[in-house]
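Novice: Dropping in target_22.cif, with mmCIF, C-alpha atoms and all ligand atoms; chains and numbers go by the auth columns.
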data_start
#
loop_
_atom_site.group_PDB
_atom_site.id
_atom_site.type_symbol
_atom_site.label_atom_id
_atom_site.label_comp_id
_atom_site.label_asym_id
_atom_site.label_seq_id
_atom_site.Cartn_x
_atom_site.Cartn_y
_atom_site.Cartn_z
_atom_site.B_iso_or_equiv
_atom_site.auth_seq_id
_atom_site.auth_asym_id
ATOM 1 C CA MET A 1 68.785 121.190 -39.881 0.00 46 L
ATOM 2 C CA LEU A 2 68.807 117.854 -38.113 0.00 47 L
ATOM 3 C CA ARG A 3 69.142 114.551 -39.877 0.00 48 L
ATOM 4 C CA PHE A 4 67.000 111.797 -38.324 0.00 49 L
ATOM 5 C CA VAL A 5 68.334 108.382 -39.289 0.00 50 L
ATOM 6 C CA THR A 6 65.400 105.980 -39.266 0.00 51 L
ATOM 7 C CA THR A 7 63.565 103.573 -41.544 0.00 52 L
ATOM 8 C CA ASN A 8 60.311 104.736 -39.952 0.00 53 L
ATOM 9 C CA ALA A 9 58.761 107.737 -41.741 0.00 54 L
ATOM 10 C CA GLU A 10 56.138 108.191 -38.981 0.00 55 L
ATOM 11 C CA LYS A 11 58.844 108.748 -36.371 0.00 56 L
ATOM 12 C CA ALA A 12 60.470 111.358 -38.590 0.00 57 L
ATOM 13 C CA ALA A 13 57.111 113.070 -39.203 0.00 58 L
ATOM 14 C CA GLU A 14 56.438 113.270 -35.454 0.00 59 L
ATOM 15 C CA ALA A 15 59.894 114.756 -34.866 0.00 60 L
ATOM 16 C CA GLN A 16 59.408 117.284 -37.661 0.00 61 L
ATOM 17 C CA ALA A 17 56.064 118.405 -36.221 0.00 62 L
ATOM 18 C CA HIS A 18 57.451 118.597 -32.692 0.00 63 L
ATOM 19 C CA LEU A 19 60.696 120.418 -33.456 0.00 64 L
ATOM 20 C CA ALA A 20 59.316 122.911 -36.030 0.00 65 L
ATOM 21 C CA PRO A 21 60.508 125.446 -37.097 0.00 66 L
ATOM 22 C CA MET A 22 63.740 123.446 -36.949 0.00 67 L
ATOM 23 C CA ALA A 23 63.954 121.348 -40.118 0.00 68 L
ATOM 24 C CA VAL A 24 64.174 117.586 -39.718 0.00 69 L
ATOM 25 C CA GLU A 25 65.185 115.431 -42.662 0.00 70 L
ATOM 26 C CA GLN A 26 64.677 111.668 -42.653 0.00 71 L
ATOM 27 C CA VAL A 27 67.714 109.633 -43.677 0.00 72 L
ATOM 28 C CA ASP A 28 66.389 106.167 -44.453 0.00 73 L
ATOM 29 C CA TYR A 29 69.205 103.980 -43.210 0.00 74 L
ATOM 30 C CA ASP A 30 68.877 100.808 -41.108 0.00 75 L
ATOM 31 C CA TYR A 31 71.710 100.986 -38.561 0.00 76 L
ATOM 32 C CA VAL A 32 72.601 97.852 -36.597 0.00 77 L
ATOM 33 C CA GLU A 33 70.542 97.564 -33.429 0.00 78 L
ATOM 34 C CA VAL A 34 72.816 95.953 -30.845 0.00 79 L
ATOM 35 C CA GLN A 35 71.283 93.564 -28.331 0.00 80 L
ATOM 36 C CA ALA A 36 71.070 95.443 -25.061 0.00 81 L
ATOM 37 C CA ALA A 37 68.713 95.629 -22.103 0.00 82 L
ATOM 38 C CA GLU A 38 68.270 99.401 -22.400 0.00 83 L
ATOM 39 C CA VAL A 39 67.057 101.402 -25.402 0.00 84 L
ATOM 40 C CA ALA A 40 69.582 104.120 -24.476 0.00 85 L
ATOM 41 C CA GLN A 41 72.470 101.775 -25.240 0.00 86 L
ATOM 42 C CA VAL A 42 70.915 100.711 -28.542 0.00 87 L
ATOM 43 C CA ALA A 43 70.360 104.333 -29.562 0.00 88 L
ATOM 44 C CA ALA A 44 73.843 105.499 -28.537 0.00 89 L
ATOM 45 C CA ARG A 45 75.572 102.822 -30.570 0.00 90 L
ATOM 46 C CA GLY A 46 73.192 103.363 -33.473 0.00 91 L
ATOM 47 C CA ALA A 47 73.882 107.104 -33.531 0.00 92 L
ATOM 48 C CA GLU A 48 77.643 106.536 -33.676 0.00 93 L
ATOM 49 C CA GLU A 49 77.247 104.163 -36.600 0.00 94 L
ATOM 50 C CA ALA A 50 74.736 106.397 -38.371 0.00 95 L
ATOM 51 C CA TYR A 51 77.045 109.400 -38.028 0.00 96 L
ATOM 52 C CA GLU A 52 79.936 107.493 -39.591 0.00 97 L
ATOM 53 C CA LYS A 53 77.711 106.216 -42.381 0.00 98 L
ATOM 54 C CA ALA A 54 76.556 109.768 -43.086 0.00 99 L
ATOM 55 C CA ASP A 55 80.202 110.572 -43.721 0.00 100 L
ATOM 56 C CA GLY A 56 80.677 113.791 -41.802 0.00 101 L
ATOM 57 C CA GLU A 57 77.654 115.592 -43.246 0.00 102 L
ATOM 58 C CA GLY A 58 76.763 116.949 -39.810 0.00 103 L
ATOM 59 C CA PRO A 59 74.947 115.830 -36.676 0.00 104 L
ATOM 60 C CA VAL A 60 72.470 112.957 -36.724 0.00 105 L
ATOM 61 C CA ILE A 61 69.832 111.663 -34.335 0.00 106 L
ATOM 62 C CA VAL A 62 68.405 108.167 -33.997 0.00 107 L
ATOM 63 C CA ASP A 63 65.462 106.979 -31.898 0.00 108 L
ATOM 64 C CA ASP A 64 65.167 103.554 -30.331 0.00 109 L
ATOM 65 C CA THR A 65 61.820 102.851 -28.745 0.00 110 L
ATOM 66 C CA GLY A 66 60.882 100.095 -26.317 0.00 111 L
ATOM 67 C CA PHE A 67 57.480 98.910 -25.131 0.00 112 L
ATOM 68 C CA SER A 68 57.207 97.293 -21.688 0.00 113 L
ATOM 69 C CA ILE A 69 54.254 95.354 -20.328 0.00 114 L
ATOM 70 C CA ARG A 70 54.452 95.209 -16.531 0.00 115 L
ATOM 71 C CA GLY A 71 52.364 92.032 -16.176 0.00 116 L
ATOM 72 C CA LEU A 72 54.795 90.296 -18.563 0.00 117 L
ATOM 73 C CA ASP A 73 57.882 91.425 -16.601 0.00 118 L
ATOM 74 C CA GLY A 74 58.704 94.152 -19.102 0.00 119 L
ATOM 75 C CA PHE A 75 58.332 92.080 -22.291 0.00 120 L
ATOM 76 C CA PRO A 76 58.954 92.975 -25.133 0.00 121 L
ATOM 77 C CA GLY A 77 61.077 95.934 -23.914 0.00 122 L
ATOM 78 C CA PRO A 78 63.896 96.721 -26.374 0.00 123 L
ATOM 79 C CA TYR A 79 62.693 93.883 -28.645 0.00 124 L
ATOM 80 C CA ALA A 80 59.468 95.714 -29.495 0.00 125 L
ATOM 81 C CA ALA A 81 60.201 95.844 -33.238 0.00 126 L
ATOM 82 C CA TYR A 82 60.944 92.114 -33.430 0.00 127 L
ATOM 83 C CA VAL A 83 57.767 91.234 -31.525 0.00 128 L
ATOM 84 C CA ASP A 84 55.671 93.593 -33.648 0.00 129 L
ATOM 85 C CA ASP A 85 57.102 91.982 -36.816 0.00 130 L
ATOM 86 C CA THR A 86 56.685 88.389 -35.607 0.00 131 L
ATOM 87 C CA LEU A 87 53.662 88.210 -33.265 0.00 132 L
ATOM 88 C CA GLY A 88 51.995 91.459 -34.262 0.00 133 L
ATOM 89 C CA ILE A 89 50.034 93.698 -31.917 0.00 134 L
ATOM 90 C CA GLU A 90 46.807 91.633 -32.056 0.00 135 L
ATOM 91 C CA ARG A 91 48.633 88.690 -30.486 0.00 136 L
ATOM 92 C CA VAL A 92 50.431 90.941 -28.030 0.00 137 L
ATOM 93 C CA TRP A 93 46.978 92.111 -26.976 0.00 138 L
ATOM 94 C CA SER A 94 45.797 88.449 -26.678 0.00 139 L
ATOM 95 C CA LEU A 95 48.652 87.768 -24.283 0.00 140 L
ATOM 96 C CA ALA A 96 47.968 90.940 -22.323 0.00 141 L
ATOM 97 C CA SER A 97 44.211 90.396 -22.155 0.00 142 L
ATOM 98 C CA GLU A 98 44.837 87.431 -19.790 0.00 143 L
ATOM 99 C CA LEU A 99 46.652 89.664 -17.317 0.00 144 L
ATOM 100 C CA ALA A 100 45.302 91.341 -14.196 0.00 145 L
ATOM 101 C CA ASP A 101 47.944 94.081 -14.549 0.00 146 L
ATOM 102 C CA ARG A 102 47.742 95.701 -18.000 0.00 147 L
ATOM 103 C CA HIS A 103 50.059 98.605 -17.290 0.00 148 L
ATOM 104 C CA ALA A 104 52.360 99.386 -20.227 0.00 149 L
ATOM 105 C CA ALA A 105 54.948 102.018 -21.034 0.00 150 L
ATOM 106 C CA PHE A 106 56.720 103.346 -24.089 0.00 151 L
ATOM 107 C CA THR A 107 60.280 104.603 -23.725 0.00 152 L
ATOM 108 C CA SER A 108 62.104 106.445 -26.487 0.00 153 L
ATOM 109 C CA ALA A 109 65.818 107.025 -26.358 0.00 154 L
ATOM 110 C CA ILE A 110 66.947 109.684 -28.800 0.00 155 L
ATOM 111 C CA ALA A 111 70.676 109.745 -29.380 0.00 156 L
ATOM 112 C CA TYR A 112 72.499 112.672 -30.959 0.00 157 L
ATOM 113 C CA ALA A 113 75.951 112.212 -32.504 0.00 158 L
ATOM 114 C CA ASP A 114 78.157 114.847 -34.106 0.00 159 L
ATOM 115 C CA GLY A 115 81.484 113.048 -34.335 0.00 160 L
ATOM 116 C CA ASP A 116 82.768 114.474 -31.044 0.00 161 L
ATOM 117 C CA ARG A 117 80.109 113.291 -28.649 0.00 162 L
ATOM 118 C CA VAL A 118 77.016 111.206 -28.239 0.00 163 L
ATOM 119 C CA GLU A 119 74.176 112.497 -26.047 0.00 164 L
ATOM 120 C CA VAL A 120 71.074 110.464 -25.177 0.00 165 L
ATOM 121 C CA PHE A 121 67.675 111.871 -24.159 0.00 166 L
ATOM 122 C CA GLU A 122 64.868 109.651 -22.860 0.00 167 L
ATOM 123 C CA GLY A 123 61.139 110.052 -22.623 0.00 168 L
ATOM 124 C CA THR A 124 58.557 107.682 -21.150 0.00 169 L
ATOM 125 C CA VAL A 125 54.774 107.564 -21.114 0.00 170 L
ATOM 126 C CA GLU A 126 52.670 105.151 -19.068 0.00 171 L
ATOM 127 C CA GLY A 127 49.256 103.777 -19.928 0.00 172 L
ATOM 128 C CA GLN A 128 47.122 100.649 -20.204 0.00 173 L
ATOM 129 C CA LEU A 129 46.861 97.895 -22.761 0.00 174 L
ATOM 130 C CA VAL A 130 43.473 97.620 -24.449 0.00 175 L
ATOM 131 C CA ALA A 131 41.954 95.835 -27.454 0.00 176 L
ATOM 132 C CA PRO A 132 43.044 97.638 -30.650 0.00 177 L
ATOM 133 C CA ARG A 133 41.184 100.902 -31.369 0.00 178 L
ATOM 134 C CA GLY A 134 41.835 103.805 -33.729 0.00 179 L
ATOM 135 C CA GLU A 135 43.189 104.416 -37.185 0.00 180 L
ATOM 136 C CA GLY A 136 46.043 106.839 -36.528 0.00 181 L
ATOM 137 C CA GLY A 137 49.605 106.407 -35.357 0.00 182 L
ATOM 138 C CA PHE A 138 51.653 103.277 -35.976 0.00 183 L
ATOM 139 C CA GLY A 139 53.167 100.250 -34.253 0.00 184 L
ATOM 140 C CA TYR A 140 51.678 99.634 -30.805 0.00 185 L
ATOM 141 C CA ASP A 141 49.555 102.807 -30.792 0.00 186 L
ATOM 142 C CA PRO A 142 46.171 101.016 -31.269 0.00 187 L
ATOM 143 C CA ILE A 143 46.630 98.897 -28.097 0.00 188 L
ATOM 144 C CA PHE A 144 48.044 101.660 -25.865 0.00 189 L
ATOM 145 C CA GLU A 145 45.459 103.711 -23.981 0.00 190 L
ATOM 146 C CA TYR A 146 46.327 106.976 -22.265 0.00 191 L
ATOM 147 C CA GLU A 147 43.642 108.888 -20.340 0.00 192 L
ATOM 148 C CA GLY A 148 40.774 107.103 -22.087 0.00 193 L
ATOM 149 C CA ARG A 149 41.987 107.202 -25.687 0.00 194 L
ATOM 150 C CA THR A 150 44.447 105.005 -27.525 0.00 195 L
ATOM 151 C CA PHE A 151 47.397 106.710 -29.167 0.00 196 L
ATOM 152 C CA ALA A 152 45.867 105.630 -32.489 0.00 197 L
ATOM 153 C CA GLU A 153 42.806 107.742 -31.612 0.00 198 L
ATOM 154 C CA LEU A 154 44.920 110.896 -31.253 0.00 199 L
ATOM 155 C CA SER A 155 45.994 113.300 -33.964 0.00 200 L
ATOM 156 C CA MET A 156 49.742 113.625 -34.428 0.00 201 L
ATOM 157 C CA ASP A 157 49.657 116.964 -32.616 0.00 202 L
ATOM 158 C CA GLU A 158 47.784 115.453 -29.667 0.00 203 L
ATOM 159 C CA LYS A 159 50.225 112.540 -29.503 0.00 204 L
ATOM 160 C CA ASN A 160 53.088 115.034 -29.669 0.00 205 L
ATOM 161 C CA GLU A 161 51.849 116.774 -26.518 0.00 206 L
ATOM 162 C CA ILE A 162 52.292 113.699 -24.343 0.00 207 L
ATOM 163 C CA SER A 163 54.226 110.926 -26.034 0.00 208 L
ATOM 164 C CA HIS A 164 57.475 109.256 -25.025 0.00 209 L
ATOM 165 C CA ARG A 165 59.072 110.544 -28.264 0.00 210 L
ATOM 166 C CA ALA A 166 57.860 114.117 -27.689 0.00 211 L
ATOM 167 C CA ARG A 167 59.254 114.062 -24.136 0.00 212 L
ATOM 168 C CA ALA A 168 62.640 112.880 -25.396 0.00 213 L
ATOM 169 C CA LEU A 169 62.581 115.426 -28.255 0.00 214 L
ATOM 170 C CA SER A 170 61.826 118.269 -25.820 0.00 215 L
ATOM 171 C CA LYS A 171 64.924 117.362 -23.815 0.00 216 L
ATOM 172 C CA LEU A 172 66.973 117.237 -27.025 0.00 217 L
ATOM 173 C CA ALA A 173 65.619 120.646 -28.113 0.00 218 L
ATOM 174 C CA ASP A 174 66.457 122.207 -24.715 0.00 219 L
ATOM 175 C CA TRP A 175 69.961 120.777 -24.887 0.00 220 L
ATOM 176 C CA LEU A 176 70.506 121.979 -28.469 0.00 221 L
ATOM 177 C CA GLN A 177 69.429 125.478 -27.430 0.00 222 L
ATOM 178 C CA SER A 178 71.904 125.459 -24.547 0.00 223 L
ATOM 179 C CA GLN A 179 74.824 124.692 -26.843 0.00 224 L
ATOM 180 C CA PRO A 180 77.148 127.471 -27.967 0.00 225 L
ATOM 181 C CA ILE A 181 76.679 128.272 -31.657 0.00 226 L
ATOM 182 C CA SER A 182 79.698 126.922 -33.536 0.00 227 L
HETATM 183 O O1 LIG B . 64.730 101.591 -35.913 0.00 301 B
HETATM 184 P P1 LIG B . 64.057 102.560 -36.868 0.00 301 B
HETATM 185 O O2 LIG B . 64.554 102.464 -38.276 0.00 301 B
HETATM 186 O O3 LIG B . 64.086 103.977 -36.341 0.00 301 B
HETATM 187 O O4 LIG B . 62.496 102.176 -36.947 0.00 301 B
HETATM 188 P P2 LIG B . 61.664 101.069 -36.140 0.00 301 B
HETATM 189 O O5 LIG B . 60.216 101.259 -36.479 0.00 301 B
HETATM 190 O O6 LIG B . 62.263 99.699 -36.325 0.00 301 B
HETATM 191 O O7 LIG B . 61.899 101.559 -34.675 0.00 301 B
HETATM 192 P P3 LIG B . 62.132 100.900 -33.251 0.00 301 B
HETATM 193 O O8 LIG B . 63.048 99.742 -33.319 0.00 301 B
HETATM 194 O O9 LIG B . 62.511 102.004 -32.324 0.00 301 B
HETATM 195 O O10 LIG B . 60.647 100.492 -32.916 0.00 301 B
HETATM 196 C C1 LIG B . 60.304 99.500 -32.026 0.00 301 B
HETATM 197 C C2 LIG B . 58.884 99.094 -32.242 0.00 301 B
HETATM 198 O O11 LIG B . 58.052 99.991 -31.536 0.00 301 B
HETATM 199 C C3 LIG B . 57.144 100.585 -32.426 0.00 301 B
HETATM 200 N N1 LIG B . 57.055 102.006 -32.081 0.00 301 B
HETATM 201 C C4 LIG B . 58.064 102.910 -32.060 0.00 301 B
HETATM 202 N N2 LIG B . 57.594 104.117 -31.735 0.00 301 B
HETATM 203 C C5 LIG B . 56.260 103.973 -31.544 0.00 301 B
HETATM 204 C C6 LIG B . 55.218 104.857 -31.212 0.00 301 B
HETATM 205 O O12 LIG B . 55.423 106.149 -31.028 0.00 301 B
HETATM 206 N N3 LIG B . 53.979 104.361 -31.113 0.00 301 B
HETATM 207 C C7 LIG B . 53.742 103.053 -31.311 0.00 301 B
HETATM 208 N N4 LIG B . 54.656 102.153 -31.634 0.00 301 B
HETATM 209 C C8 LIG B . 55.913 102.606 -31.752 0.00 301 B
HETATM 210 C C9 LIG B . 57.681 100.399 -33.835 0.00 301 B
HETATM 211 O O13 LIG B . 56.611 100.328 -34.775 0.00 301 B
HETATM 212 C C10 LIG B . 58.393 99.069 -33.692 0.00 301 B
HETATM 213 O O14 LIG B . 57.476 97.995 -33.813 0.00 301 B
#
Could you spell out this file's structure in structure tokens?
Ligand SMILES: O=P(O)(O)OP(=O)(O)OP(=O)(O)OC[C@H]1O[C@@H](n2cnc3c(O)ncnc32)[C@H](O)[C@@H]1O
Specialist:
Amino acid sequence: MLRFVTTNAEKAAEAQAHLAPMAVEQVDYDYVEVQAAEVAQVAARGAEEAYEKADGEGPVIVDDTGFSIRGLDGFPGPYAAYVDDTLGIERVWSLASELADRHAAFTSAIAYADGDRVEVFEGTVEGQLVAPRGEGGFGYDPIFEYEGRTFAELSMDEKNEISHRARALSKLADWLQSQPIS
């Protein structure tokens, strides 16, 4: 069983679907997100704090996700949550709609901590910004188009075949399998 420390139930649901039959339990705790240029650094520090908070109950993972718009020099990057909360994705789209280059990318950094070590696994997916479409997903999904459909137009299983988070989770799963059983 893996404890996923996140305030975001959708992230935990995606991880549960992707890692099944391994059980994933959401621990709803808001660790401090340090200011850093890379999501990997944010996730690594967050996992250390989350592990301590969980008080030795076993390994934890955290996921920090960034969203980078190439025509805006990578904005909002690791500040994606702040920009979503303040501007909102409709206004992010308004900014992006003025751009010639609408390339965008999600990057998830998943950090694992077990008290002895912290390991970070990253996944990225590239696409295009579009006007919001679709009812599924969360966050930036309605304005992120991949091969003709926005992430909000995909089922969770379809998103889990290609997403940044799924790519990071696959690396985590491979690494967990390679570990000696303690
Ligand atoms: O930090 P925790 O508690 O895990 O939850 P959060 O939702 O604040 O997580 P992040 O800081 O990693 O999220 C950054 C922003 O990116 C959004 N986001 C994260 N993963 C996403 C995904 O798969 N699709 C679309 N938007 C996503 C999310 O809604 C936030 O606005």
Novice: Go through L:Phe166, L:Phe120, L:Tyr76, L:Tyr185 and flag the residue nearest ligand LIG 301 (chain B), using all atoms listed in the file for the distances.
Specialist: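 Looking at the shortest contact to ligand LIG 301 (chain B), the residue is L:Tyr185.
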Novice: Measure the distance from atom CA of Arg210 of chain L to atom CA of Pro121 of chain L in Å and round it to one decimal.
Specialist: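 Straight-line distance from atom CA of Arg210 of chain L to atom CA of Pro121 of chain L works out to 17.8 Å.
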Novice: Name the residues that the PyMOL selection byres (((chain L and resi 169) around 7) and not hetatm) picks from the file above, as a PDB file with C-alpha atoms, in the coordinates of the input, using the file's chain letters and numbers.
Specialist:
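Written output follows (out-v3.pdb):
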ATOM      1  CA  ALA L 150      54.948 102.018 -21.034  1.00  0.00           C
ATOM      2  CA  PHE L 151      56.720 103.346 -24.089  1.00  0.00           C
ATOM      3  CA  THR L 152      60.280 104.603 -23.725  1.00  0.00           C
ATOM      4  CA  SER L 153      62.104 106.445 -26.487  1.00  0.00           C
ATOM      5  CA  GLU L 167      64.868 109.651 -22.860  1.00  0.00           C
ATOM      6  CA  GLY L 168      61.139 110.052 -22.623  1.00  0.00           C
ATOM      7  CA  VAL L 170      54.774 107.564 -21.114  1.00  0.00           C
ATOM      8  CA  GLU L 171      52.670 105.151 -19.068  1.00  0.00           C
ATOM      9  CA  HIS L 209      57.475 109.256 -25.025  1.00  0.00           C
TER      10      HIS L 209
END
Novice: Between L:Tyr96, L:Tyr127, L:Phe183, L:Tyr74, which is the closest to Arg162 of chain L once you count all atoms listed in the file?
Specialist: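 Of the candidates, the smallest distance to Arg162 of chain L is held by L:Tyr96.
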Novice: Return as number ranges by chain every polymer residue, whether protein, DNA or RNA, with at least one atom no more than 6 Å from an atom of ligand LIG 301 (chain B); count only C-alpha atoms and all ligand atoms.
Specialist: L: 51-53, 75, 108-111, 125-126, 129, 183-186
Novice: For this structure, which residues satisfy the selection - the PyMOL selection byres (((chain L and resi 158) around 9) and not hetatm) - when it is evaluated on the file as given? I want them as an mmCIF file with C-alpha atoms, in the frame of the given file.
Specialist:
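Once written, selection35.cif looks like this:
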data_model
loop_
_atom_site.group_PDB
_atom_site.id
_atom_site.type_symbol
_atom_site.label_atom_id
_atom_site.label_comp_id
_atom_site.auth_asym_id
_atom_site.auth_seq_id
_atom_site.Cartn_x
_atom_site.Cartn_y
_atom_site.Cartn_z
ATOM 1 C CA ALA L 89 73.843 105.499 -28.537
ATOM 2 C CA ALA L 92 73.882 107.104 -33.531
ATOM 3 C CA GLU L 93 77.643 106.536 -33.676
ATOM 4 C CA ALA L 95 74.736 106.397 -38.371
ATOM 5 C CA TYR L 96 77.045 109.400 -38.028
ATOM 6 C CA GLY L 103 76.763 116.949 -39.810
ATOM 7 C CA PRO L 104 74.947 115.830 -36.676
ATOM 8 C CA VAL L 105 72.470 112.957 -36.724
ATOM 9 C CA ILE L 106 69.832 111.663 -34.335
ATOM 10 C CA VAL L 107 68.405 108.167 -33.997
ATOM 11 C CA ALA L 156 70.676 109.745 -29.380
ATOM 12 C CA TYR L 157 72.499 112.672 -30.959
ATOM 13 C CA ASP L 159 78.157 114.847 -34.106
ATOM 14 C CA GLY L 160 81.484 113.048 -34.335
ATOM 15 C CA ASP L 161 82.768 114.474 -31.044
ATOM 16 C CA ARG L 162 80.109 113.291 -28.649
ATOM 17 C CA VAL L 163 77.016 111.206 -28.239
ATOM 18 C CA GLU L 164 74.176 112.497 -26.047
ATOM 19 C CA VAL L 165 71.074 110.464 -25.177
#
Novice: My list of candidates is L:Ser142, L:Gln222, L:Gln80, L:Gln61. Which is closest to Ile188 of chain L when distances are computed with only C-alpha atoms?
Specialist: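 Of L:Ser142, L:Gln222, L:Gln80, L:Gln61, the one nearest Ile188 of chain L, counting only C-alpha atoms, is L:Ser142.
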Novice: When you look at Gly119 of chain L with a cut-off of 12 Å (counting all atoms listed in the file), what residues show up, excluding the ones that are within fewer than 2 positions of it in the same chain? I need them as a VMD selection string.
Specialist: chain L and resid 82 to 83 111 to 117 121 to 125 141 146 to 152
Novice: In Å, how far is it from atom CA of Gln86 of chain L to atom CA of Asp100 of chain L?
Specialist: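 Result for atom CA of Gln86 of chain L versus atom CA of Asp100 of chain L: 21.9 Å, one decimal.
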Novice: Provide the atom CA of Ile134 of chain L to atom CA of Arg90 of chain L distance in Å, to one decimal place.
Specialist: 27.2 Å
Novice: Excluding Gly193 of chain L and its own-chain neighbours fewer than 2 positions away, which residues fall within 12 Å of it when counting only C-alpha atoms? Please give them as a PDB file with C-alpha atoms, in the coordinates of the input.
Specialist:
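Output contents, as saved in result16.pdb:
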ATOM      1  CA  GLY L 172      49.256 103.777 -19.928  1.00  0.00           C
ATOM      2  CA  GLN L 173      47.122 100.649 -20.204  1.00  0.00           C
ATOM      3  CA  LEU L 174      46.861  97.895 -22.761  1.00  0.00           C
ATOM      4  CA  VAL L 175      43.473  97.620 -24.449  1.00  0.00           C
ATOM      5  CA  ARG L 178      41.184 100.902 -31.369  1.00  0.00           C
ATOM      6  CA  ILE L 188      46.630  98.897 -28.097  1.00  0.00           C
ATOM      7  CA  PHE L 189      48.044 101.660 -25.865  1.00  0.00           C
ATOM      8  CA  GLU L 190      45.459 103.711 -23.981  1.00  0.00           C
ATOM      9  CA  TYR L 191      46.327 106.976 -22.265  1.00  0.00           C
ATOM     10  CA  THR L 195      44.447 105.005 -27.525  1.00  0.00           C
ATOM     11  CA  PHE L 196      47.397 106.710 -29.167  1.00  0.00           C
ATOM     12  CA  ALA L 197      45.867 105.630 -32.489  1.00  0.00           C
ATOM     13  CA  GLU L 198      42.806 107.742 -31.612  1.00  0.00           C
ATOM     14  CA  LEU L 199      44.920 110.896 -31.253  1.00  0.00           C
TER      15      LEU L 199
END
Novice: Let me have the centre and edge lengths in Å, one decimal, of the box along x, y and z around every listed atom of segment 95-100 of chain L with 8 Å of margin on each side, as AutoDock Vina command-line options.
Specialist:
--center_x 77.5 --center_y 108.4 --center_z -40.9 --size_x 21.5 --size_y 20.4 --size_z 21.7
